[in-house]
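Source file structure05.cif; content: mmCIF, C-alpha atoms and all ligand atoms.
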```cif
data_coords
#
loop_
_atom_site.label_atom_id
_atom_site.label_comp_id
_atom_site.auth_asym_id
_atom_site.auth_seq_id
_atom_site.Cartn_x
_atom_site.Cartn_y
_atom_site.Cartn_z
CA MET A 221 0.00 0.00 0.00
CA LYS A 222 1.34 3.38 -0.93
CA ALA A 223 1.57 6.00 1.78
CA LEU A 224 -1.09 8.63 1.76
CA ARG A 225 0.54 12.00 1.94
CA SER A 226 1.58 14.02 -1.02
CA ILE A 227 1.64 17.59 -2.09
CA TYR A 228 1.75 17.84 -5.81
CA ILE A 229 1.36 21.00 -7.73
CA THR A 230 1.98 20.58 -11.42
CA LEU A 231 -0.35 18.47 -13.49
CA PHE A 232 1.84 15.80 -14.92
CA ILE A 233 0.27 15.91 -18.32
CA THR A 234 1.44 19.48 -18.74
CA GLY A 235 4.51 19.16 -16.56
CA PHE A 236 6.75 17.96 -19.38
CA TYR A 237 5.52 20.35 -21.95
CA VAL A 238 7.91 21.86 -24.48
CA HIS A 239 11.49 21.77 -23.45
CA ASN A 240 12.48 25.25 -24.29
CA GLY A 241 15.78 25.36 -26.13
CA MET A 242 18.66 25.27 -23.69
CA GLY A 243 16.51 26.28 -20.73
CA GLY A 244 14.50 23.99 -18.52
CA PRO A 245 11.20 22.43 -19.54
CA VAL A 246 8.42 24.97 -19.33
CA ALA A 247 5.79 23.83 -16.90
CA ASP A 248 2.66 24.95 -18.66
CA PRO A 249 -0.21 25.52 -16.25
CA GLY A 250 -3.02 23.84 -18.10
CA PRO A 251 -6.70 24.17 -17.32
CA GLY A 252 -7.55 22.43 -14.11
CA VAL A 253 -4.46 23.38 -12.16
CA ASN A 254 -6.43 25.84 -10.12
CA VAL A 255 -9.53 23.74 -9.83
CA ASN A 256 -10.52 23.38 -6.22
CA VAL A 257 -13.30 21.17 -5.05
CA ASP A 258 -14.89 20.58 -1.70
CA ILE A 259 -12.64 18.40 0.35
CA ASN A 260 -14.59 15.54 1.76
CA VAL A 261 -13.53 15.39 5.37
CA GLY A 262 -14.66 12.68 7.69
CA GLY A 263 -13.20 9.68 5.88
CA GLY A 264 -14.92 6.38 6.31
CA SER A 265 -16.73 4.75 3.47
CA SER A 266 -20.21 4.55 2.15
CA GLY A 267 -21.74 2.70 -0.71
CA GLY A 268 -18.68 0.57 -1.30
CA VAL A 269 -16.43 3.37 -2.53
CA SER A 270 -14.31 4.90 0.20
CA LYS A 271 -14.22 8.65 0.29
CA PRO A 272 -10.97 10.35 1.17
CA GLY A 273 -10.44 11.48 4.73
CA PRO A 274 -8.31 14.37 5.97
CA GLY A 275 -4.59 13.99 5.54
CA THR A 276 -4.75 11.85 2.45
CA CYS A 277 -2.85 12.70 -0.69
CA ASN A 278 -6.04 12.78 -2.74
CA VAL A 279 -7.23 16.27 -1.89
CA ASP A 280 -8.03 17.97 -5.17
CA CYS A 281 -7.11 17.85 -8.85
CA GLY A 282 -3.61 19.13 -8.12
CA HIS A 283 -2.93 16.83 -5.16
CA TRP A 284 -3.46 13.19 -5.98
CA CYS A 285 -1.91 9.76 -5.73
CA TYR A 286 -2.54 6.15 -6.72
CA PRO A 287 -4.71 4.18 -6.50
CA GLY A 288 -7.21 6.43 -8.23
CA LYS A 289 -10.52 5.28 -6.80
CA ASP A 290 -10.97 8.57 -4.92
CA TRP A 291 -10.45 10.80 -7.95
CA PRO A 292 -14.17 10.96 -8.87
CA TYR A 293 -14.65 12.65 -5.48
CA THR A 294 -11.51 14.75 -5.28
CA CYS A 295 -11.46 15.84 -8.93
CA PRO A 296 -15.05 15.27 -10.04
CA HIS A 297 -15.39 17.61 -12.97
CA HIS A 298 -13.84 15.16 -15.42
CA CYS A 299 -12.74 12.14 -13.35
CA SER A 300 -16.35 11.17 -12.65
CA GLY A 301 -17.20 11.33 -16.35
CA SER A 302 -18.56 8.53 -18.50
CA ILE A 303 -15.80 8.07 -21.11
CA GLN A 304 -12.85 7.59 -18.78
CA SER A 305 -9.58 5.71 -19.37
CA PRO A 306 -8.03 3.19 -19.13
CA ILE A 307 -10.35 0.36 -20.18
CA ASP A 308 -10.13 -3.38 -20.56
CA ILE A 309 -10.04 -4.02 -24.30
CA CYS A 310 -12.16 -6.99 -25.30
CA SER A 311 -10.52 -8.25 -28.49
CA GLU A 312 -13.58 -10.29 -29.55
CA SER A 313 -15.83 -7.22 -29.48
CA ALA A 314 -13.45 -4.93 -31.38
CA THR A 315 -14.72 -3.83 -34.80
CA ASP A 316 -12.25 -4.45 -37.65
CA GLU A 317 -11.07 -1.38 -39.55
CA THR A 318 -8.47 -0.91 -42.25
CA GLY A 319 -5.85 1.79 -41.80
CA SER A 320 -2.65 2.66 -40.05
CA ILE A 321 -1.11 5.62 -38.32
CA THR A 322 1.32 7.60 -40.46
CA PHE A 323 4.35 8.67 -38.48
CA SER A 324 6.22 11.74 -39.76
CA PRO A 325 9.73 11.05 -41.13
CA SER A 326 11.08 12.96 -38.11
CA TYR A 327 9.70 10.19 -35.87
CA SER A 328 12.42 7.99 -37.38
CA VAL A 329 15.18 10.55 -36.87
CA SER A 330 17.35 10.04 -33.83
CA ILE A 331 17.01 12.57 -30.98
CA PRO A 332 20.46 13.42 -29.57
CA LYS A 333 19.38 14.50 -26.10
CA LEU A 334 16.34 14.08 -23.87
CA VAL A 335 15.42 15.71 -20.60
CA ILE A 336 14.02 13.09 -18.27
CA LYS A 337 12.06 14.19 -15.23
CA ASN A 338 10.63 12.45 -12.16
CA ASN A 339 7.44 14.38 -11.38
CA GLY A 340 6.45 12.26 -8.38
CA HIS A 341 3.93 10.21 -10.39
CA THR A 342 5.97 8.99 -13.35
CA VAL A 343 9.11 9.69 -15.32
CA GLY A 344 8.64 11.63 -18.52
CA ALA A 345 10.83 12.73 -21.37
CA SER A 346 10.91 15.91 -23.42
CA TRP A 347 13.42 17.41 -25.84
CA SER A 348 14.48 20.64 -27.43
CA SER A 349 11.62 22.52 -29.12
CA SER A 350 14.12 23.54 -31.79
CA LEU A 351 13.93 20.00 -33.25
CA GLU A 352 11.48 19.28 -36.01
CA PRO A 353 8.14 18.18 -34.53
CA ARG A 354 7.29 14.48 -34.37
CA THR A 355 3.74 14.12 -35.69
CA ILE A 356 1.13 11.46 -36.44
CA THR A 357 -1.94 11.41 -38.67
CA GLY A 358 -4.10 8.82 -40.46
CA GLY A 359 -5.44 5.60 -38.97
CA GLY A 360 -8.76 7.32 -38.34
CA LEU A 361 -7.13 10.58 -37.17
CA THR A 362 -8.39 13.36 -39.41
CA ASP A 363 -5.98 15.98 -38.06
CA VAL A 364 -2.23 16.16 -37.48
CA TYR A 365 -1.11 15.58 -33.87
CA GLU A 366 2.28 16.64 -32.52
CA LEU A 367 4.19 14.71 -29.87
CA ALA A 368 4.66 16.79 -26.70
CA GLN A 369 6.17 14.22 -24.31
CA PHE A 370 6.24 10.56 -23.45
CA HIS A 371 6.11 8.81 -20.07
CA PHE A 372 5.53 5.40 -18.52
CA HIS A 373 3.29 3.45 -16.13
CA TRP A 374 4.72 0.31 -14.48
CA GLY A 375 4.13 -2.24 -11.74
CA CYS A 376 5.75 -3.21 -8.47
CA LYS A 377 5.75 -6.77 -9.82
CA ASP A 378 6.29 -8.04 -13.35
CA ASN A 379 2.69 -9.25 -13.69
CA ARG A 380 1.17 -5.76 -13.62
CA GLY A 381 1.88 -2.14 -14.53
CA SER A 382 0.07 -1.31 -17.78
CA GLU A 383 -3.00 0.91 -17.61
CA HIS A 384 -4.97 -0.75 -20.39
CA THR A 385 -5.59 -4.47 -20.29
CA VAL A 386 -6.48 -6.74 -23.20
CA ASP A 387 -8.95 -9.51 -22.39
CA GLY A 388 -7.98 -8.99 -18.76
CA THR A 389 -4.25 -9.33 -19.37
CA ARG A 390 -2.13 -6.64 -17.75
CA TYR A 391 1.40 -6.01 -19.02
CA ALA A 392 4.46 -4.96 -16.99
CA MET A 393 4.63 -1.44 -18.40
CA GLU A 394 2.83 0.94 -20.74
CA LEU A 395 4.46 3.76 -22.69
CA HIS A 396 2.33 6.81 -23.50
CA ASN A 397 3.27 9.10 -26.36
CA VAL A 398 1.16 12.22 -25.80
CA HIS A 399 0.29 14.19 -28.95
CA PHE A 400 -1.82 17.36 -29.21
CA ASN A 401 -3.94 18.39 -32.17
CA THR A 402 -1.83 20.97 -34.03
CA LYS A 403 -4.93 23.02 -34.84
CA TYR A 404 -5.10 23.91 -31.13
CA GLY A 405 -1.49 25.11 -31.02
CA ASN A 406 -0.31 23.59 -27.76
CA LEU A 407 -1.04 20.86 -25.25
CA SER A 408 -2.77 22.92 -22.57
CA ASN A 409 -5.07 24.58 -25.07
CA ALA A 410 -5.86 21.21 -26.70
CA LEU A 411 -7.12 19.89 -23.34
CA LYS A 412 -10.26 21.97 -23.87
CA TYR A 413 -11.39 20.12 -27.00
CA VAL A 414 -12.82 16.64 -27.43
CA ASP A 415 -10.42 15.97 -30.33
CA GLY A 416 -7.54 17.67 -28.53
CA LEU A 417 -5.17 14.77 -27.85
CA ALA A 418 -4.06 11.54 -29.52
CA VAL A 419 -2.16 9.24 -27.17
CA ILE A 420 -0.33 6.13 -28.33
CA GLY A 421 -0.02 3.32 -25.81
CA VAL A 422 2.61 0.59 -26.14
CA PHE A 423 2.78 -2.41 -23.82
CA PHE A 424 6.04 -3.90 -22.50
CA ASN A 425 6.64 -7.23 -20.84
CA VAL A 426 9.78 -8.37 -19.06
CA GLY A 427 12.11 -10.34 -21.33
CA ASP A 428 14.92 -9.25 -23.63
CA GLU A 429 16.63 -5.95 -22.99
CA ASN A 430 15.21 -2.98 -24.93
CA ALA A 431 18.06 -1.14 -26.66
CA VAL A 432 16.00 1.98 -27.43
CA LEU A 433 15.05 2.39 -23.77
CA LYS A 434 18.57 1.62 -22.54
CA PRO A 435 19.84 5.23 -22.63
CA ILE A 436 16.86 6.17 -20.44
CA THR A 437 16.89 3.25 -18.02
CA LYS A 438 20.63 3.50 -17.40
CA ASP A 439 20.22 7.17 -16.39
CA LEU A 440 17.08 6.86 -14.25
CA GLN A 441 19.50 6.76 -11.30
CA TYR A 442 19.94 10.53 -11.78
CA VAL A 443 16.24 11.30 -11.30
CA VAL A 444 15.43 9.08 -8.31
CA LYS A 445 14.07 11.99 -6.28
CA PRO A 446 10.76 13.70 -7.09
CA ASP A 447 11.23 16.82 -9.23
CA ALA A 448 14.71 15.72 -10.28
CA GLU A 449 15.48 16.14 -13.95
CA LYS A 450 18.50 15.43 -16.07
CA GLU A 451 19.59 15.97 -19.64
CA ILE A 452 20.78 12.65 -21.05
CA ASP A 453 22.28 11.35 -24.28
CA PHE A 454 19.61 9.45 -26.20
CA ASN A 455 20.59 9.05 -29.87
CA GLN A 456 17.55 6.92 -30.63
CA ALA A 457 14.51 7.38 -32.87
CA LEU A 458 11.13 7.37 -31.16
CA ALA A 459 9.63 5.33 -34.03
CA ASP A 460 11.74 2.44 -32.75
CA LEU A 461 9.70 2.33 -29.54
CA ILE A 462 6.59 1.46 -31.59
CA PRO A 463 6.02 -2.22 -32.46
CA THR A 464 6.74 -3.17 -36.08
CA ASN A 465 3.32 -4.82 -36.21
CA ARG A 466 1.22 -1.66 -36.53
CA ASP A 467 -2.18 -3.14 -35.49
CA PHE A 468 -3.75 -1.02 -32.79
CA TYR A 469 -6.96 -0.66 -30.80
CA ARG A 470 -8.79 2.65 -31.07
CA TYR A 471 -11.34 4.17 -28.73
CA GLN A 472 -12.33 7.55 -27.33
CA GLY A 473 -11.41 8.25 -23.71
CA SER A 474 -9.60 10.46 -21.24
CA LEU A 475 -6.36 11.35 -19.54
CA THR A 476 -5.62 8.61 -17.00
CA THR A 477 -4.55 11.09 -14.31
CA PRO A 478 -6.37 14.09 -12.82
CA THR A 479 -7.84 16.16 -14.32
CA CYS A 480 -9.00 13.16 -16.42
CA ASN A 481 -10.09 15.37 -19.36
CA GLU A 482 -12.22 13.41 -21.85
CA VAL A 483 -10.24 14.60 -24.85
CA VAL A 484 -8.12 11.59 -25.84
CA THR A 485 -8.28 9.53 -29.01
CA TRP A 486 -6.48 6.39 -27.85
CA SER A 487 -4.37 4.13 -30.09
CA VAL A 488 -3.19 1.14 -28.07
CA PHE A 489 -0.85 -1.14 -30.01
CA LYS A 490 -1.80 -4.79 -30.02
CA THR A 491 1.74 -6.21 -30.04
CA HIS A 492 3.88 -5.75 -26.97
CA GLN A 493 7.56 -4.90 -26.73
CA SER A 494 10.02 -6.27 -24.23
CA PHE A 495 12.48 -4.83 -21.74
CA SER A 496 14.69 -6.57 -19.23
CA GLU A 497 14.32 -7.33 -15.54
CA ASP A 498 17.16 -4.86 -14.86
CA GLN A 499 15.34 -2.20 -16.85
CA VAL A 500 12.05 -2.60 -15.00
CA LYS A 501 13.97 -2.53 -11.71
CA SER A 502 15.53 0.80 -12.68
CA PHE A 503 12.01 2.27 -13.00
CA ARG A 504 11.07 0.87 -9.58
CA MET A 505 14.12 2.59 -8.01
CA LEU A 506 12.46 5.96 -8.58
CA MET A 507 10.96 7.51 -5.45
CA ASP A 508 7.66 9.33 -5.02
CA LYS A 509 6.79 12.18 -2.66
CA GLU A 510 5.86 9.77 0.12
CA LYS A 511 9.48 8.54 -0.03
CA GLU A 512 8.26 5.20 -1.34
CA HIS A 513 9.39 3.41 -4.45
CA MET A 514 7.39 4.56 -7.44
CA CYS A 515 5.48 1.64 -8.97
CA ASP A 516 1.89 0.51 -9.59
CA ASN A 517 1.38 4.00 -10.99
CA TYR A 518 -1.58 2.93 -13.09
CA ARG A 519 -5.27 3.79 -12.79
CA GLY A 520 -7.90 1.08 -12.39
CA ILE A 521 -10.09 -0.07 -15.29
CA GLN A 522 -12.96 2.31 -16.10
CA PRO A 523 -16.43 1.32 -17.37
CA LEU A 524 -16.77 1.14 -21.15
CA ASN A 525 -20.32 2.59 -21.04
CA GLY A 526 -21.14 1.39 -24.54
CA ARG A 527 -18.11 2.87 -26.26
CA GLU A 528 -16.95 1.26 -29.50
CA VAL A 529 -13.45 -0.20 -29.68
CA LYS A 530 -11.94 -0.69 -33.15
CA LEU A 531 -9.00 -2.80 -34.24
CA TYR A 532 -7.08 -1.06 -37.03
CA SER A 533 -4.91 -3.16 -39.31
CA PRO A 534 -2.95 -1.95 -42.36
C1 LIG B 601 -1.39 27.85 -25.73
O1 LIG B 601 -2.34 28.34 -26.65
C2 LIG B 601 -3.23 29.30 -26.09
C3 LIG B 601 -4.28 29.61 -27.14
O2 LIG B 601 -3.68 29.97 -28.37
C4 LIG B 601 -2.44 30.51 -25.64
O3 LIG B 601 -3.30 31.46 -25.07
C5 LIG B 601 -1.40 30.08 -24.62
O4 LIG B 601 -0.60 31.17 -24.27
C6 LIG B 601 -0.52 28.97 -25.19
N1 LIG B 601 0.36 28.48 -24.14
C7 LIG B 601 1.65 28.31 -24.37
C8 LIG B 601 2.41 27.78 -23.22
O5 LIG B 601 2.18 28.55 -25.42
ZN ZN B 602 0.09 8.02 -19.09
#
```
Translate the structure described by the file into structure tokens.
Amino acid sequence: MKALRSIYITLFITGFYVHNGMGGPVADPGPGVNVNVDINVGGGSSGGVSKPGPGTCNVDCGHWCYPGKDWPYTCPHHCSGSIQSPIDICSESATDETGSITFSPSYSVSIPKLVIKNNGHTVGASWSSSLEPRTITGGGLTDVYELAQFHFHWGCKDNRGSEHTVDGTRYAMELHNVHFNTKYGNLSNALKYVDGLAVIGVFFNVGDENAVLKPITKDLQYVVKPDAEKEIDFNQALADLIPTNRDFYRYQGSLTTPTCNEVVTWSVFKTHQSFSEDQVKSFRMLMDKEKEHMCDNYRGIQPLNGREVKLYSP
């Protein structure tokens, strides 16, 4: 059980936004940062779902921790919505579609340096805004979406960690590549629109070492503490983190952390990647604000509520 005290100020989804040239990443205060809701004091539970008591880390949209079952109370505006993420993907019920995501050529160009940051909830990566944007389109996306950052969700044990599950199977880790719709200009502005974000999810299981992740996992030791960040040598192309089998599941959902905005077109790749036991352990070495090892940083499965899930194949 994770400890229950945390003060967290920056929304993680915006916390990695544009790394600004040679300066530090610009923390972009997106909508929701200043959202305050009534704090439910008194604790205890009613109706099967426990409400947060005083002194817990789930206080409002800016102060939250895992597990996320309290978020509908502490950050209700979006987190109690009806098209929330993640979901369990039922492969039998997925509708077949033809199409694939087109990655810009820049997605296959190596990025010399990344800035990795421990924000207390995950570790994320951003890079110089002077580089050519990495974008995606196609595969049912009618607009062009630009990659703003990527980050991970992982387990305390190898048999869990991913946010999405497929037919009930949970993977050891899930990568999220967060893209905003270029017609909205930037990530925080895009959070206001239902077609604002396109997030790619890639599953990882423990097995062979992942060479593309190696430059990151070997340097996680420099960002063990919350709020630590470090510029690292990367020299890898982000396209190489995506499975070569380009089949993916598509559905409409939300951010998986407060403020849970229902603005995400999800593309969850069917085929998983691998990374090594040493690599997953390097993620678990990271510390959160409760001075505990950061792991099991995934939200529970949300109701589908009749949403359609498609399986896109080339
Ligand atoms: C994002 O876009 C909005 C709307 O154009 C603008 O007001 C805001 O300043 C932009 N934020 C950043 C960080 O560029
Ligand atoms: Zn995520």
Selection near Gln369 in chain A, 6 Å with all atoms listed in the file, sequence-local residues under 3 positions removed, as a PDB file with C-alpha atoms, keeping the file's coordinate frame:
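Written output follows (part_3.pdb):
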```pdb
ATOM      1  CA  ALA A 345      10.830  12.730 -21.370  1.00  0.00           C
ATOM      2  CA  SER A 346      10.910  15.910 -23.420  1.00  0.00           C
ATOM      3  CA  VAL A 398       1.160  12.220 -25.800  1.00  0.00           C
TER       4      VAL A 398
END
```
Which residue out of A:Cys281, A:Val343, A:Pro292, A:Gln472 has the minimum interatomic distance to Asp439 in chain A when all atoms listed in the file are used?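 Using all atoms listed in the file, the shortest distance to Asp439 in chain A belongs to A:Val343.
Put simply, CA of Tyr391 in chain A is 25.4 Å away from CA of Thr322 in chain A.
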If you count only C-alpha atoms, which residues fall within 9 Å of Val432 in chain A, apart from same-chain ones fewer than 2 positions away, as a PyMOL selection string? chain A and resi 430+434-436+454-458+460-461
Given the choices A:Pro296, A:Pro353, A:Pro523, A:Pro306, which gets closest to ligand ZN 602 (chain B) if the distance is worked out from all atoms listed in the file? A:Pro306
Considering all atoms listed in the file, state which residue in the set A:Ser348, A:Asn278, A:Thr389, A:Thr402 is at the smallest distance from ligand LIG 601 (chain B).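 Among the listed residues, the smallest separation from ligand LIG 601 (chain B) belongs to A:Thr402.
We find CA of Lys403 in chain A and atom C2 of ligand LIG 601 (chain B) to be spaced 10.9 Å apart.
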Show me, as a tab-separated table, the residues of chain A having an atom within 12 Å of ligand ZN 602 (chain B), each with the closest atom pair and its distance in Å, using only C-alpha atoms and all ligand atoms.
```
residue	atom	partner	partner_atom	distance
A:Leu231	CA	B:ZN602	ZN	11.9
A:Phe232	CA	B:ZN602	ZN	9.0
A:Ile233	CA	B:ZN602	ZN	7.9
A:Thr234	CA	B:ZN602	ZN	11.5
A:Phe236	CA	B:ZN602	ZN	12.0
A:Ser305	CA	B:ZN602	ZN	9.9
A:Pro306	CA	B:ZN602	ZN	9.4
A:His341	CA	B:ZN602	ZN	9.8
A:Thr342	CA	B:ZN602	ZN	8.3
A:Val343	CA	B:ZN602	ZN	9.9
A:Gly344	CA	B:ZN602	ZN	9.3
A:Ala345	CA	B:ZN602	ZN	11.9
A:Gln369	CA	B:ZN602	ZN	10.1
A:Phe370	CA	B:ZN602	ZN	8.0
A:His371	CA	B:ZN602	ZN	6.2
A:Phe372	CA	B:ZN602	ZN	6.1
A:His373	CA	B:ZN602	ZN	6.3
A:Trp374	CA	B:ZN602	ZN	10.1
A:Gly381	CA	B:ZN602	ZN	11.3
A:Ser382	CA	B:ZN602	ZN	9.4
A:Glu383	CA	B:ZN602	ZN	7.9
A:His384	CA	B:ZN602	ZN	10.2
A:Met393	CA	B:ZN602	ZN	10.5
A:Glu394	CA	B:ZN602	ZN	7.8
A:Leu395	CA	B:ZN602	ZN	7.1
A:His396	CA	B:ZN602	ZN	5.1
A:Asn397	CA	B:ZN602	ZN	8.0
A:Val398	CA	B:ZN602	ZN	8.0
A:His399	CA	B:ZN602	ZN	11.6
A:Ala418	CA	B:ZN602	ZN	11.8
A:Val419	CA	B:ZN602	ZN	8.5
A:Ile420	CA	B:ZN602	ZN	9.4
A:Gly421	CA	B:ZN602	ZN	8.2
A:Val422	CA	B:ZN602	ZN	10.5
A:Phe423	CA	B:ZN602	ZN	11.8
A:Ser474	CA	B:ZN602	ZN	10.2
A:Leu475	CA	B:ZN602	ZN	7.3
A:Thr476	CA	B:ZN602	ZN	6.1
A:Thr477	CA	B:ZN602	ZN	7.3
A:Pro478	CA	B:ZN602	ZN	10.9
A:Cys480	CA	B:ZN602	ZN	10.8
A:Val484	CA	B:ZN602	ZN	11.2
A:Trp486	CA	B:ZN602	ZN	11.1
A:Val488	CA	B:ZN602	ZN	11.8
A:Asn517	CA	B:ZN602	ZN	9.1
A:Tyr518	CA	B:ZN602	ZN	8.0
A:Arg519	CA	B:ZN602	ZN	9.3
```
What is the CA of Lys333 in chain A to CA of Ala448 in chain A distance in Å? 16.5 Å
For a quick check of understanding, using all atoms listed in the file, which of A:Gly526, A:Gly340, A:Gly473, A:Gly375 has the smallest distance to Val444 in chain A?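 Selected residue with least distance to Val444 in chain A: A:Gly340.
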Write out as a JSON list (two decimals) with C-alpha atoms, in the frame of the given file each polymer residue whose atoms come within 12 Å of Ser311 in chain A, counting all atoms listed in the file; drop sequence neighbours fewer than 2 positions from it.
```json
[["chain", "number", "residue", "atom", "x", "y", "z"],
["A", 307, "ILE", "CA", -10.35, 0.36, -20.18],
["A", 308, "ASP", "CA", -10.13, -3.38, -20.56],
["A", 309, "ILE", "CA", -10.04, -4.02, -24.30],
["A", 313, "SER", "CA", -15.83, -7.22, -29.48],
["A", 314, "ALA", "CA", -13.45, -4.93, -31.38],
["A", 315, "THR", "CA", -14.72, -3.83, -34.80],
["A", 316, "ASP", "CA", -12.25, -4.45, -37.65],
["A", 385, "THR", "CA", -5.59, -4.47, -20.29],
["A", 386, "VAL", "CA", -6.48, -6.74, -23.20],
["A", 387, "ASP", "CA", -8.95, -9.51, -22.39],
["A", 388, "GLY", "CA", -7.98, -8.99, -18.76],
["A", 389, "THR", "CA", -4.25, -9.33, -19.37],
["A", 468, "PHE", "CA", -3.75, -1.02, -32.79],
["A", 469, "TYR", "CA", -6.96, -0.66, -30.80],
["A", 470, "ARG", "CA", -8.79, 2.65, -31.07],
["A", 488, "VAL", "CA", -3.19, 1.14, -28.07],
["A", 490, "LYS", "CA", -1.80, -4.79, -30.02],
["A", 528, "GLU", "CA", -16.95, 1.26, -29.50],
["A", 529, "VAL", "CA", -13.45, -0.20, -29.68],
["A", 530, "LYS", "CA", -11.94, -0.69, -33.15],
["A", 531, "LEU", "CA", -9.00, -2.80, -34.24],
["A", 532, "TYR", "CA", -7.08, -1.06, -37.03]]
```
A:Tyr413, A:Tyr286, A:Phe489, A:Trp347: which is nearest ligand LIG 601 (chain B), counting only C-alpha atoms and all ligand atoms?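 Residue with the minimum atom-to-atom distance to ligand LIG 601 (chain B): A:Tyr413.
Closest approach to Lys438 in chain A among A:Asp378, A:Val414, A:Phe424, A:Gln499: A:Gln499, based on all atoms listed in the file.
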